[in-house]
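Source file: query_36.pdb. Holds: PDB, C-alpha atoms and all ligand atoms.
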```
ATOM      1  CA  MET A  72       2.409   4.229  21.474
ATOM      2  CA  SER A  73      -0.646   5.728  23.138
ATOM      3  CA  THR A  74      -3.500   3.308  23.812
ATOM      4  CA  ILE A  75      -6.372   4.312  21.567
ATOM      5  CA  PRO A  76      -9.914   4.707  22.921
ATOM      6  CA  TRP A  77     -11.841   1.458  22.710
ATOM      7  CA  GLN A  78     -15.019  -0.327  23.700
ATOM      8  CA  ASP A  79     -15.947  -3.832  22.578
ATOM      9  CA  ARG A  80     -18.946  -4.300  20.291
ATOM     10  CA  PRO A  81     -22.094  -4.315  22.424
ATOM     11  CA  GLU A  82     -23.987  -7.590  22.705
ATOM     12  CA  ASN A  83     -26.746  -7.997  20.141
ATOM     13  CA  ASN A  84     -25.026  -5.529  17.834
ATOM     14  CA  ASN A  85     -24.144  -6.911  14.428
ATOM     15  CA  ASP A  86     -23.030  -3.669  12.817
ATOM     16  CA  VAL A  87     -19.541  -3.375  11.384
ATOM     17  CA  MET A  88     -19.052  -0.162  13.398
ATOM     18  CA  TRP A  89     -20.624   0.783  16.702
ATOM     19  CA  ARG A  90     -20.840   3.932  18.780
ATOM     20  CA  TYR A  91     -19.073   4.785  22.022
ATOM     21  CA  SER A  92     -21.630   4.427  24.805
ATOM     22  CA  GLU A  93     -20.786   7.850  26.277
ATOM     23  CA  ASN A  94     -21.173   9.787  23.027
ATOM     24  CA  PRO A  95     -20.901  12.628  22.370
ATOM     25  CA  ILE A  96     -17.433  12.971  23.894
ATOM     26  CA  ILE A  97     -17.214  16.740  23.396
ATOM     27  CA  ASP A  98     -20.201  18.873  24.178
ATOM     28  CA  ARG A  99     -21.090  21.960  22.164
ATOM     29  CA  TYR A 100     -20.301  24.256  25.099
ATOM     30  CA  ALA A 101     -16.986  22.599  26.053
ATOM     31  CA  ILE A 102     -15.166  25.956  25.948
ATOM     32  CA  PRO A 103     -16.655  29.245  27.180
ATOM     33  CA  THR A 104     -17.076  30.873  23.761
ATOM     34  CA  SER A 105     -18.328  27.900  21.745
ATOM     35  CA  ASN A 106     -21.686  27.459  20.053
ATOM     36  CA  SER A 107     -20.628  24.075  18.717
ATOM     37  CA  ILE A 108     -17.548  21.824  18.497
ATOM     38  CA  PHE A 109     -17.609  19.196  15.772
ATOM     39  CA  ASN A 110     -15.747  18.016  12.588
ATOM     40  CA  SER A 111     -12.395  17.795  14.386
ATOM     41  CA  ALA A 112      -9.092  15.944  14.050
ATOM     42  CA  VAL A 113      -6.910  14.036  16.520
ATOM     43  CA  VAL A 114      -3.488  12.328  16.376
ATOM     44  CA  PRO A 115      -1.222  10.433  18.770
ATOM     45  CA  PHE A 116       1.074  12.986  20.444
ATOM     46  CA  GLY A 117       3.615  12.457  23.227
ATOM     47  CA  ASP A 118       2.208   9.993  25.740
ATOM     48  CA  GLY A 119      -1.358  10.864  24.707
ATOM     49  CA  PHE A 120      -3.122  12.697  21.939
ATOM     50  CA  ALA A 121      -3.390  16.165  20.427
ATOM     51  CA  GLY A 122      -6.109  17.542  18.253
ATOM     52  CA  VAL A 123      -7.288  20.446  16.163
ATOM     53  CA  PHE A 124     -10.905  21.221  16.852
ATOM     54  CA  ARG A 125     -13.487  23.100  14.872
ATOM     55  CA  CYS A 126     -15.178  25.451  17.318
ATOM     56  CA  ASP A 127     -17.776  27.863  16.035
ATOM     57  CA  ASN A 128     -18.236  30.702  18.529
ATOM     58  CA  LYS A 129     -21.519  32.266  19.556
ATOM     59  CA  ALA A 130     -21.231  34.753  16.696
ATOM     60  CA  VAL A 131     -20.897  31.577  14.592
ATOM     61  CA  GLN A 132     -17.428  32.493  13.430
ATOM     62  CA  MET A 133     -15.609  29.321  12.450
ATOM     63  CA  ASN A 134     -12.103  28.722  13.740
ATOM     64  CA  ILE A 135      -9.709  25.960  14.784
ATOM     65  CA  PHE A 136      -8.417  25.365  18.307
ATOM     66  CA  ALA A 137      -5.689  23.062  19.647
ATOM     67  CA  GLY A 138      -6.530  20.491  22.316
ATOM     68  CA  PHE A 139      -4.837  17.779  24.336
ATOM     69  CA  SER A 140      -5.893  14.500  25.892
ATOM     70  CA  LYS A 141      -4.330  11.623  27.802
ATOM     71  CA  ASN A 142      -6.893   9.021  26.724
ATOM     72  CA  GLY A 143      -8.389  10.397  23.495
ATOM     73  CA  ILE A 144     -11.785  10.822  25.127
ATOM     74  CA  ASP A 145     -11.451  13.568  27.750
ATOM     75  CA  TRP A 146     -10.132  16.689  26.017
ATOM     76  CA  ASP A 147      -8.735  20.010  27.197
ATOM     77  CA  ILE A 148      -9.366  22.394  24.341
ATOM     78  CA  ASN A 149      -7.584  25.742  24.381
ATOM     79  CA  HIS A 150      -9.900  28.686  24.925
ATOM     80  CA  GLU A 151      -8.132  30.760  22.274
ATOM     81  CA  PRO A 152      -7.977  29.812  18.575
ATOM     82  CA  ILE A 153      -4.786  28.778  16.842
ATOM     83  CA  VAL A 154      -2.695  31.781  15.758
ATOM     84  CA  MET A 155      -0.713  31.172  12.597
ATOM     85  CA  GLN A 156       2.701  32.560  11.654
ATOM     86  CA  SER A 157       3.862  32.552   8.066
ATOM     87  CA  GLY A 158       5.149  29.185   6.845
ATOM     88  CA  ASN A 159       6.222  28.670   3.227
ATOM     89  CA  THR A 160       4.713  31.977   1.993
ATOM     90  CA  GLU A 161       3.669  35.419   3.250
ATOM     91  CA  MET A 162       0.632  35.454   5.567
ATOM     92  CA  ILE A 163      -2.461  34.937   3.493
ATOM     93  CA  GLU A 164      -6.031  35.789   4.320
ATOM     94  CA  SER A 165      -8.051  33.390   6.364
ATOM     95  CA  ALA A 166     -11.552  34.749   6.840
ATOM     96  CA  TYR A 167     -12.562  31.497   8.535
ATOM     97  CA  LYS A 168     -11.195  28.045   9.184
ATOM     98  CA  TYR A 169     -13.190  24.854   9.528
ATOM     99  CA  ASP A 170     -13.194  21.062   9.210
ATOM    100  CA  PRO A 171      -9.481  20.429  10.048
ATOM    101  CA  ARG A 172      -7.550  17.222   9.381
ATOM    102  CA  VAL A 173      -4.151  16.444  10.994
ATOM    103  CA  VAL A 174      -1.397  14.034   9.998
ATOM    104  CA  PHE A 175       2.198  13.406  10.998
ATOM    105  CA  ILE A 176       4.504  13.197   7.946
ATOM    106  CA  GLU A 177       8.257  12.795   8.335
ATOM    107  CA  ASP A 178       9.091  15.432  10.957
ATOM    108  CA  ARG A 179       5.975  17.450  11.705
ATOM    109  CA  TYR A 180       2.208  17.528  12.007
ATOM    110  CA  TRP A 181       0.488  18.905   8.933
ATOM    111  CA  ILE A 182      -2.940  20.465   9.216
ATOM    112  CA  THR A 183      -5.358  21.035   6.380
ATOM    113  CA  TRP A 184      -8.651  22.853   6.721
ATOM    114  CA  CYS A 185     -11.292  24.645   4.740
ATOM    115  CA  ASN A 186      -9.830  28.162   4.521
ATOM    116  CA  GLY A 187     -11.821  31.293   3.766
ATOM    117  CA  TYR A 188      -9.936  33.045   0.961
ATOM    118  CA  ASN A 189     -12.523  34.755  -1.240
ATOM    119  CA  GLY A 190     -14.528  31.598  -0.794
ATOM    120  CA  PRO A 191     -13.669  28.242   0.690
ATOM    121  CA  THR A 192     -10.460  26.527  -0.369
ATOM    122  CA  ILE A 193      -7.904  24.219   1.268
ATOM    123  CA  GLY A 194      -5.551  25.832   3.772
ATOM    124  CA  ILE A 195      -2.350  24.080   4.817
ATOM    125  CA  GLY A 196      -0.273  24.589   7.956
ATOM    126  CA  TYR A 197       2.134  22.731  10.156
ATOM    127  CA  THR A 198       3.244  22.476  13.750
ATOM    128  CA  PHE A 199       5.868  20.541  15.657
ATOM    129  CA  ASP A 200       4.368  20.961  19.112
ATOM    130  CA  PHE A 201       0.722  22.142  18.832
ATOM    131  CA  LYS A 202       1.848  25.451  20.353
ATOM    132  CA  GLU A 203       3.337  27.270  17.376
ATOM    133  CA  PHE A 204       1.601  26.942  14.031
ATOM    134  CA  PHE A 205       2.758  27.959  10.555
ATOM    135  CA  GLN A 206       0.442  28.690   7.644
ATOM    136  CA  CYS A 207       1.451  27.767   4.091
ATOM    137  CA  GLU A 208       0.065  28.445   0.655
ATOM    138  CA  ASN A 209      -3.495  27.372   0.012
ATOM    139  CA  ALA A 210      -3.442  24.160  -1.986
ATOM    140  CA  PHE A 211      -6.017  25.115  -4.586
ATOM    141  CA  LEU A 212      -8.141  27.854  -6.105
ATOM    142  CA  PRO A 213     -11.519  28.340  -4.475
ATOM    143  CA  PHE A 214     -13.884  26.612  -4.274
ATOM    144  CA  ASN A 215     -12.789  23.454  -2.534
ATOM    145  CA  ARG A 216     -13.395  21.587   0.732
ATOM    146  CA  ASN A 217     -12.296  18.419   2.512
ATOM    147  CA  GLY A 218      -8.535  18.513   1.878
ATOM    148  CA  VAL A 219      -7.104  15.283   3.306
ATOM    149  CA  LEU A 220      -3.380  14.469   3.111
ATOM    150  CA  PHE A 221      -1.993  10.946   2.804
ATOM    151  CA  PRO A 222       0.323  10.038   5.716
ATOM    152  CA  GLN A 223       3.324   9.426   3.467
ATOM    153  CA  LYS A 224       4.595  10.503   0.072
ATOM    154  CA  ILE A 225       3.328   8.500  -2.885
ATOM    155  CA  ASN A 226       5.826   8.039  -5.722
ATOM    156  CA  GLY A 227       7.979  10.725  -4.111
ATOM    157  CA  LYS A 228       5.277  13.379  -3.778
ATOM    158  CA  TYR A 229       2.869  14.568  -1.130
ATOM    159  CA  ALA A 230      -0.657  13.531  -2.015
ATOM    160  CA  MET A 231      -3.957  15.155  -1.060
ATOM    161  CA  LEU A 232      -7.597  14.272  -1.563
ATOM    162  CA  SER A 233     -10.047  17.133  -1.991
ATOM    163  CA  ARG A 234     -13.534  17.909  -3.141
ATOM    164  CA  PRO A 235     -13.987  20.822  -5.559
ATOM    165  CA  SER A 236     -17.161  22.670  -4.551
ATOM    166  CA  ASP A 237     -19.074  25.915  -4.926
ATOM    167  CA  ASN A 238     -19.381  28.928  -2.624
ATOM    168  CA  GLY A 239     -22.533  27.639  -0.947
ATOM    169  CA  HIS A 240     -23.898  24.319   0.176
ATOM    170  CA  THR A 241     -22.728  22.567  -3.009
ATOM    171  CA  PRO A 242     -25.257  20.134  -4.488
ATOM    172  CA  PHE A 243     -22.452  18.085  -6.108
ATOM    173  CA  GLY A 244     -19.049  16.738  -5.094
ATOM    174  CA  ASP A 245     -16.451  14.270  -6.328
ATOM    175  CA  ILE A 246     -13.257  13.204  -4.560
ATOM    176  CA  TRP A 247     -10.057  14.167  -6.399
ATOM    177  CA  ILE A 248      -6.386  13.523  -5.709
ATOM    178  CA  SER A 249      -3.553  16.024  -6.322
ATOM    179  CA  TYR A 250       0.209  15.770  -5.862
ATOM    180  CA  SER A 251       2.919  18.183  -4.732
ATOM    181  CA  PRO A 252       6.717  17.972  -4.569
ATOM    182  CA  ASP A 253       6.918  20.572  -1.772
ATOM    183  CA  MET A 254       3.522  21.192  -0.081
ATOM    184  CA  LYS A 255       3.283  24.452  -2.024
ATOM    185  CA  TYR A 256       2.575  23.695  -5.664
ATOM    186  CA  TRP A 257      -0.159  21.154  -6.390
ATOM    187  CA  GLY A 258      -0.972  19.439  -9.681
ATOM    188  CA  GLU A 259      -1.515  16.146 -11.478
ATOM    189  CA  HIS A 260      -5.160  16.304 -10.444
ATOM    190  CA  ARG A 261      -6.985  13.015 -10.959
ATOM    191  CA  LEU A 262     -10.549  11.958 -10.244
ATOM    192  CA  VAL A 263     -10.884   9.326  -7.512
ATOM    193  CA  MET A 264     -14.586   8.821  -6.890
ATOM    194  CA  LYS A 265     -17.963  10.236  -7.879
ATOM    195  CA  PRO A 266     -21.302  10.024  -6.073
ATOM    196  CA  SER A 267     -23.042   6.715  -6.685
ATOM    197  CA  PRO A 268     -26.082   6.118  -8.894
ATOM    198  CA  PHE A 269     -29.245   6.842  -6.895
ATOM    199  CA  GLU A 270     -30.762   3.420  -7.470
ATOM    200  CA  GLN A 271     -27.639   1.577  -6.260
ATOM    201  CA  SER A 272     -26.698   3.463  -3.105
ATOM    202  CA  ALA A 273     -28.771   6.577  -2.504
ATOM    203  CA  TRP A 274     -27.075   7.614   0.763
ATOM    204  CA  GLN A 275     -24.050   8.726  -1.296
ATOM    205  CA  CYS A 276     -25.780   9.830  -4.513
ATOM    206  CA  THR A 277     -25.432  13.623  -4.149
ATOM    207  CA  LYS A 278     -21.816  14.151  -3.067
ATOM    208  CA  VAL A 279     -18.862  12.380  -1.474
ATOM    209  CA  GLY A 280     -15.864  13.789   0.424
ATOM    210  CA  ALA A 281     -12.825  12.263   2.109
ATOM    211  CA  GLY A 282     -12.871  12.045   5.901
ATOM    212  CA  PRO A 283      -9.953  10.875   8.078
ATOM    213  CA  ILE A 284      -6.352  10.500   6.880
ATOM    214  CA  PRO A 285      -6.304   7.297   4.756
ATOM    215  CA  ILE A 286      -4.896   4.222   6.503
ATOM    216  CA  LEU A 287      -2.370   1.990   4.715
ATOM    217  CA  THR A 288      -3.514  -1.657   4.863
ATOM    218  CA  GLU A 289      -2.612  -4.864   3.070
ATOM    219  CA  GLU A 290      -5.658  -4.360   0.871
ATOM    220  CA  GLY A 291      -4.781  -0.777  -0.104
ATOM    221  CA  TRP A 292      -5.513   2.646   1.368
ATOM    222  CA  LEU A 293      -8.565   2.502   3.582
ATOM    223  CA  MET A 294     -10.379   5.768   2.902
ATOM    224  CA  ILE A 295     -13.281   6.556   5.173
ATOM    225  CA  TYR A 296     -15.503   9.179   3.585
ATOM    226  CA  HIS A 297     -18.829  10.930   3.908
ATOM    227  CA  GLY A 298     -21.614  10.470   1.429
ATOM    228  CA  VAL A 299     -24.631  12.737   1.082
ATOM    229  CA  ILE A 300     -28.199  12.372  -0.117
ATOM    230  CA  ASN A 301     -30.380  15.414  -0.758
ATOM    231  CA  THR A 302     -33.763  14.776   0.848
ATOM    232  CA  CYS A 303     -36.921  16.847   1.084
ATOM    233  CA  ASN A 304     -35.544  18.027   4.448
ATOM    234  CA  GLY A 305     -32.058  18.823   3.161
ATOM    235  CA  PHE A 306     -28.758  16.985   3.102
ATOM    236  CA  ARG A 307     -28.167  13.813   5.122
ATOM    237  CA  TYR A 308     -24.503  12.835   5.768
ATOM    238  CA  ALA A 309     -23.408   9.228   6.441
ATOM    239  CA  MET A 310     -20.049   7.469   6.541
ATOM    240  CA  GLY A 311     -18.676   4.835   4.163
ATOM    241  CA  SER A 312     -15.303   3.335   3.276
ATOM    242  CA  ALA A 313     -13.290   2.556   0.166
ATOM    243  CA  LEU A 314     -10.023   0.783  -0.604
ATOM    244  CA  LEU A 315      -7.680   2.606  -2.999
ATOM    245  CA  GLU A 316      -4.673   1.191  -4.826
ATOM    246  CA  VAL A 317      -1.485   1.798  -2.855
ATOM    247  CA  ASP A 318       0.657   3.314  -5.612
ATOM    248  CA  SER A 319      -2.207   4.829  -7.630
ATOM    249  CA  PRO A 320      -4.829   5.921  -5.103
ATOM    250  CA  ASP A 321      -6.982   7.386  -7.873
ATOM    251  CA  LYS A 322      -7.977   3.775  -8.558
ATOM    252  CA  VAL A 323     -10.824   2.578  -6.338
ATOM    253  CA  LYS A 324     -10.685  -1.174  -5.672
ATOM    254  CA  TYR A 325     -13.747  -1.432  -3.433
ATOM    255  CA  ARG A 326     -16.311   0.970  -2.055
ATOM    256  CA  THR A 327     -19.150   0.282   0.345
ATOM    257  CA  GLN A 328     -22.659   0.115  -1.050
ATOM    258  CA  PRO A 329     -24.243   0.247   2.436
ATOM    259  CA  TYR A 330     -23.013   2.944   4.808
ATOM    260  CA  LEU A 331     -20.855   2.057   7.814
ATOM    261  CA  LEU A 332     -22.625   4.517  10.094
ATOM    262  CA  GLY A 333     -25.539   6.835   9.393
ATOM    263  CA  PRO A 334     -27.368   9.367  11.567
ATOM    264  CA  ALA A 335     -29.571   7.359  13.945
ATOM    265  CA  GLU A 336     -28.837   8.492  17.502
ATOM    266  CA  ILE A 337     -30.476  11.620  18.832
ATOM    267  CA  TYR A 338     -27.177  13.598  18.906
ATOM    268  CA  GLU A 339     -26.683  12.804  15.199
ATOM    269  CA  MET A 340     -30.245  13.621  14.200
ATOM    270  CA  VAL A 341     -30.781  16.753  16.311
ATOM    271  CA  GLY A 342     -28.469  19.746  16.385
ATOM    272  CA  ASP A 343     -27.551  22.845  14.404
ATOM    273  CA  VAL A 344     -27.634  20.767  11.224
ATOM    274  CA  PRO A 345     -29.717  17.622  11.702
ATOM    275  CA  ASN A 346     -28.770  14.205  10.286
ATOM    276  CA  VAL A 347     -25.010  14.638   9.973
ATOM    277  CA  VAL A 348     -22.305  12.043  10.648
ATOM    278  CA  PHE A 349     -19.109  13.729   9.418
ATOM    279  CA  PRO A 350     -15.855  11.771  10.031
ATOM    280  CA  CYS A 351     -12.611  13.799  10.153
ATOM    281  CA  ALA A 352     -10.100  11.613  12.025
ATOM    282  CA  ALA A 353      -9.263   8.029  12.910
ATOM    283  CA  LEU A 354      -6.955   6.411  15.433
ATOM    284  CA  TYR A 355      -5.975   2.812  14.847
ATOM    285  CA  ASP A 356      -3.882   0.039  16.312
ATOM    286  CA  LYS A 357      -2.999  -2.576  13.694
ATOM    287  CA  GLU A 358      -1.684  -5.110  16.219
ATOM    288  CA  GLU A 359      -4.825  -4.903  18.304
ATOM    289  CA  ASP A 360      -7.003  -4.656  15.175
ATOM    290  CA  LYS A 361      -8.769  -1.561  16.506
ATOM    291  CA  LEU A 362     -10.135   1.503  14.775
ATOM    292  CA  ALA A 363     -11.693   4.566  16.409
ATOM    293  CA  VAL A 364     -13.288   7.130  14.102
ATOM    294  CA  TYR A 365     -13.976  10.673  15.333
ATOM    295  CA  TYR A 366     -16.930  12.353  13.711
ATOM    296  CA  GLY A 367     -18.931  15.520  13.955
ATOM    297  CA  ALA A 368     -22.511  14.825  15.027
ATOM    298  CA  ALA A 369     -25.221  17.128  13.654
ATOM    299  CA  ASP A 370     -22.694  19.997  13.276
ATOM    300  CA  THR A 371     -22.870  20.340  17.055
ATOM    301  CA  ALA A 372     -20.694  17.864  18.997
ATOM    302  CA  VAL A 373     -17.871  15.320  18.594
ATOM    303  CA  ALA A 374     -18.550  11.564  18.789
ATOM    304  CA  ILE A 375     -16.574   8.332  18.334
ATOM    305  CA  ALA A 376     -17.391   5.073  16.567
ATOM    306  CA  PHE A 377     -15.351   1.870  16.863
ATOM    307  CA  GLY A 378     -14.679  -1.015  14.533
ATOM    308  CA  LYS A 379     -12.251  -3.849  13.983
ATOM    309  CA  LEU A 380      -9.885  -2.758  11.226
ATOM    310  CA  SER A 381      -9.950  -6.215   9.608
ATOM    311  CA  GLU A 382     -13.754  -6.335   9.687
ATOM    312  CA  VAL A 383     -14.103  -2.883   8.132
ATOM    313  CA  ILE A 384     -11.734  -3.961   5.341
ATOM    314  CA  GLN A 385     -13.622  -7.236   4.828
ATOM    315  CA  PHE A 386     -16.963  -5.429   4.889
ATOM    316  CA  THR A 387     -15.706  -2.978   2.257
ATOM    317  CA  LYS A 388     -14.656  -5.874   0.015
ATOM    318  CA  ASP A 389     -17.794  -7.948   0.585
ATOM    319  CA  ASN A 390     -20.261  -5.098   0.130
ATOM    320  CA  SER A 391     -18.686  -3.166  -2.700
ATOM    321  CA  LEU A 392     -20.631  -1.114  -5.230
TER
HETATM  322  C1  LIG A 401     -20.500  20.723   4.739
HETATM  323  C2  LIG A 401     -19.500  21.435   5.619
HETATM  324  C3  LIG A 401     -19.382  20.697   6.931
HETATM  325  C4  LIG A 401     -20.731  20.387   7.537
HETATM  326  C5  LIG A 401     -21.657  19.775   6.521
HETATM  327  C6  LIG A 401     -23.047  19.553   7.059
HETATM  328  O1  LIG A 401     -20.689  21.443   3.542
HETATM  329  O2  LIG A 401     -19.940  22.751   5.872
HETATM  330  O3  LIG A 401     -18.659  21.504   7.823
HETATM  331  O4  LIG A 401     -20.571  19.483   8.596
HETATM  332  O5  LIG A 401     -21.722  20.600   5.399
HETATM  333  O6  LIG A 401     -23.639  20.772   7.407
END
```

For the file at hand, write its structure as structure tokens.
Amino acid sequence: MSTIPWQDRPENNNDVMWRYSENPIIDRYAIPTSNSIFNSAVVPFGDGFAGVFRCDNKAVQMNIFAGFSKNGIDWDINHEPIVMQSGNTEMIESAYKYDPRVVFIEDRYWITWCNGYNGPTIGIGYTFDFKEFFQCENAFLPFNRNGVLFPQKINGKYAMLSRPSDNGHTPFGDIWISYSPDMKYWGEHRLVMKPSPFEQSAWQCTKVGAGPIPILTEEGWLMIYHGVINTCNGFRYAMGSALLEVDSPDKVKYRTQPYLLGPAEIYEMVGDVPNVVFPCAALYDKEEDKLAVYYGAADTAVAIAFGKLSEVIQFTKDNSL
């Protein structure tokens, strides 16, 4: 297994998660055409890591690019976007692609993203090698964002979290779960989680959306998510966690009242969209009790935060809404 990026908690830091000292790890201009590189996904691959990166170009066209890394921190991102071939259907329109997630299930890496098809919906594709990519049916009708697959079938079916939305900046958002026997037809839609009451936990009172691929733990599925508050200066995105029942992940066992990480460093507060911490991927090592969360910072760059898996789980239980 590849060694995941890691830094011990800094002295005098009592937070459950802490930032990598060299953040951001990927600069907005990391490839020649990019305006910004953020909300991106990584997975262990070969003797290192592979990733699918959201790069908006200088025309601010949104697309996804493959990248590779030996250590999970220094990335070589392809200069050309991913080109899809048809997967389980004919080629369907993709006016834009953004906010990818990646997960290995059974024999291949599945990618979900926000796909432009007469409005945003959830696109699905797969690859075996991060060279050739195959595009499948969209999971849902527009409008939807934040499609996040579980890393294994649940009760014999693929399972995906998503957040039904509108065609704009969506002033609402609940997390739902849907199931599929074949990665093509999705149904059995169930509500997982709504925004919280303002007076209890205002950072997540406007909308919530799933982030990285959920992690199976002894306490249930650890789901890291983003929560949003609408302020007089617009939306502010922070990161929280929940524990979902293993066989019925629509049941929330615990959910953090305080956030795990909110915009506080300059690269999170200043950028194309200020005050955004938007997690899309996590690497973990259960034996070493390590968790590294990759997040988009201010819709501009990619950053990492670390935590002890056991402490994040305990924090979620001890500080539940
Ligand atoms: C969401 C998506 C994300 C973005 C966030 C903050 O609706 O567009 O890609 O990071 O808004 O702007």

Listing only residues of chain A within 9 Å of ligand LIG 401 (chain A), what is the closest atom pair and its distance in Å (to one decimal) for each, using all atoms listed in the file, sorted by chain and residue number ascending, as a tab-separated table?
```
residue	atom	partner	partner_atom	distance
A:Phe109	CA	A:LIG401	O4	7.8
A:Asn110	CA	A:LIG401	O4	6.4
A:Arg125	CA	A:LIG401	O3	8.9
A:Tyr169	CA	A:LIG401	O3	6.6
A:Asp170	CA	A:LIG401	O3	5.7
A:Cys185	CA	A:LIG401	O3	8.6
A:Arg216	CA	A:LIG401	O1	7.8
A:Asn217	CA	A:LIG401	C2	8.4
A:Ser236	CA	A:LIG401	O1	8.9
A:Gly239	CA	A:LIG401	O1	7.9
A:His240	CA	A:LIG401	O1	5.5
A:Thr241	CA	A:LIG401	O1	7.0
A:Phe306	CA	A:LIG401	C6	7.4
A:Arg307	CA	A:LIG401	C6	7.9
A:Tyr308	CA	A:LIG401	C6	7.0
A:Asp343	CA	A:LIG401	O6	8.3
A:Val344	CA	A:LIG401	O6	5.5
A:Pro345	CA	A:LIG401	O6	8.1
A:Asn346	CA	A:LIG401	C6	8.5
A:Val347	CA	A:LIG401	C6	6.0
A:Val348	CA	A:LIG401	O4	7.9
A:Phe349	CA	A:LIG401	O4	6.0
A:Gly367	CA	A:LIG401	O4	6.9
A:Ala368	CA	A:LIG401	O4	8.2
A:Ala369	CA	A:LIG401	O4	7.3
A:Asp370	CA	A:LIG401	O4	5.2
A:Thr371	CA	A:LIG401	O4	8.8
```

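Considering the residues A:Met264, A:Leu315, A:Ile225, A:Ile375 and counting only C-alpha atoms, A:Ile144 has its shortest atom-to-atom contact with A:Ile375.
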
**Request:** Would you kindly translate the PyMOL selection byres (((chain A and resi 113) around 12) and not hetatm) into the concrete residues it picks from this file, as a VMD selection string?
**Result:** chain A and resid 75 to 76 109 to 112 114 to 116 119 to 125 136 to 144 146 148 170 to 175 180 to 182 201 283 to 284 350 to 355 363 to 366 373 375

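Shortest atom-to-atom contact with A:Tyr167 among A:Thr104, A:Thr198, A:Gln223, A:Gln132: A:Gln132, counting all atoms listed in the file.
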
**Residues matched by the PyMOL selection byres (((chain A and resi 383) around 9) and not hetatm) as a ChimeraX atom specification** = /A:87-88,293,312,331,362,378-382,384-388

**Request:** Write out as a PyMOL selection string the residues lying within 9 Å of A:Leu392, counting only C-alpha atoms and excluding same-chain residues fewer than 6 positions away.
**Result:** chain A and resi 267+271-272+325-329

For A:Ser92, find every residue with an atom within 12 Å (counting all atoms listed in the file), except residues of its own chain fewer than 5 positions away, and show them as a PDB file with C-alpha atoms, in the frame of the given file.
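Full text of around_39.pdb as output:
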```pdb
ATOM      1  CA  PRO A  76      -9.914   4.707  22.921  1.00  0.00           C
ATOM      2  CA  TRP A  77     -11.841   1.458  22.710  1.00  0.00           C
ATOM      3  CA  GLN A  78     -15.019  -0.327  23.700  1.00  0.00           C
ATOM      4  CA  ASP A  79     -15.947  -3.832  22.578  1.00  0.00           C
ATOM      5  CA  ARG A  80     -18.946  -4.300  20.291  1.00  0.00           C
ATOM      6  CA  PRO A  81     -22.094  -4.315  22.424  1.00  0.00           C
ATOM      7  CA  ILE A 144     -11.785  10.822  25.127  1.00  0.00           C
ATOM      8  CA  GLU A 336     -28.837   8.492  17.502  1.00  0.00           C
ATOM      9  CA  ALA A 374     -18.550  11.564  18.789  1.00  0.00           C
ATOM     10  CA  ILE A 375     -16.574   8.332  18.334  1.00  0.00           C
ATOM     11  CA  ALA A 376     -17.391   5.073  16.567  1.00  0.00           C
ATOM     12  CA  PHE A 377     -15.351   1.870  16.863  1.00  0.00           C
TER      13      PHE A 377
END
```

**Asked** Which residue out of A:Asp118, A:Trp274, A:Asp147, A:Ile135 has the minimum interatomic distance to A:Ala101 when all atoms listed in the file are used?
**Response** A:Asp147

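Nearest to A:Val299 of all the residues A:Ala210, A:Leu232, A:Ala273, A:Ile108 is A:Ala273, counting only C-alpha atoms.
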
**Prompt:** atom CA of A:Phe269 and atom CA of A:Asn301, how far apart in Å?
**Reply:** 10.6 Å

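Pairwise distance (atom CA of A:Phe221, atom CA of A:Glu339) equals 27.7 Å.
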
**Item:** Residues matched by the PyMOL selection byres (((chain A and resi 206-208) around 10) and not hetatm) as a ChimeraX atom specification
**Value:** /A:154-163,165,181-183,193-198,204-205,209-211,254-256

**Message:** As an exercise, work out the distance from atom CA of A:Ser233 to atom CA of A:Ser249 in Å and give it to one decimal place.
**Reply:** 7.9 Å

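In terms of minimum interatomic distance to A:Leu332, A:Gly298 ranks closest within A:Arg234, A:Ile96, A:Gly298, A:Asn106, counting only C-alpha atoms.
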
Once 4 Å is added on each side, what centre and edge lengths in Å to one decimal does the axis-aligned box around all listed atoms of stretch 159-163 of chain A have, as lines of an AutoDock Vina configuration file?
```
center_x = 1.9
center_y = 32.1
center_z = 3.8
size_x = 16.7
size_y = 14.8
size_z = 11.6
```

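Nearest residue to A:Tyr229 among A:Phe243, A:Tyr250, A:Tyr338, A:Trp292 is A:Tyr250, counting all atoms listed in the file.
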
**Prompt:** At most 10 Å from (-10.8, 1.8, -5.7), file frame, all atoms listed in the file: which residues, as a count of residues only?
**Reply:** 20

**Request:** Name the residues, using the chain letters and numbers of the file, that sit within 12 Å of (8.3, 11.1, -7.2) when counting all atoms listed in the file, and give them as a PyMOL selection string.
**Result:** chain A and resi 223-230+250-253+259+318

Can you spit out the residues from that selection as an mmCIF file, in the frame of the given file, using C-alpha atoms?
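Result file is result09.cif:
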```
data_model
loop_
_atom_site.group_PDB
_atom_site.id
_atom_site.type_symbol
_atom_site.label_atom_id
_atom_site.label_comp_id
_atom_site.auth_asym_id
_atom_site.auth_seq_id
_atom_site.Cartn_x
_atom_site.Cartn_y
_atom_site.Cartn_z
ATOM 1 C CA GLN A 223 3.324 9.426 3.467
ATOM 2 C CA LYS A 224 4.595 10.503 0.072
ATOM 3 C CA ILE A 225 3.328 8.500 -2.885
ATOM 4 C CA ASN A 226 5.826 8.039 -5.722
ATOM 5 C CA GLY A 227 7.979 10.725 -4.111
ATOM 6 C CA LYS A 228 5.277 13.379 -3.778
ATOM 7 C CA TYR A 229 2.869 14.568 -1.130
ATOM 8 C CA ALA A 230 -0.657 13.531 -2.015
ATOM 9 C CA TYR A 250 0.209 15.770 -5.862
ATOM 10 C CA SER A 251 2.919 18.183 -4.732
ATOM 11 C CA PRO A 252 6.717 17.972 -4.569
ATOM 12 C CA ASP A 253 6.918 20.572 -1.772
ATOM 13 C CA GLU A 259 -1.515 16.146 -11.478
ATOM 14 C CA ASP A 318 0.657 3.314 -5.612
#
```
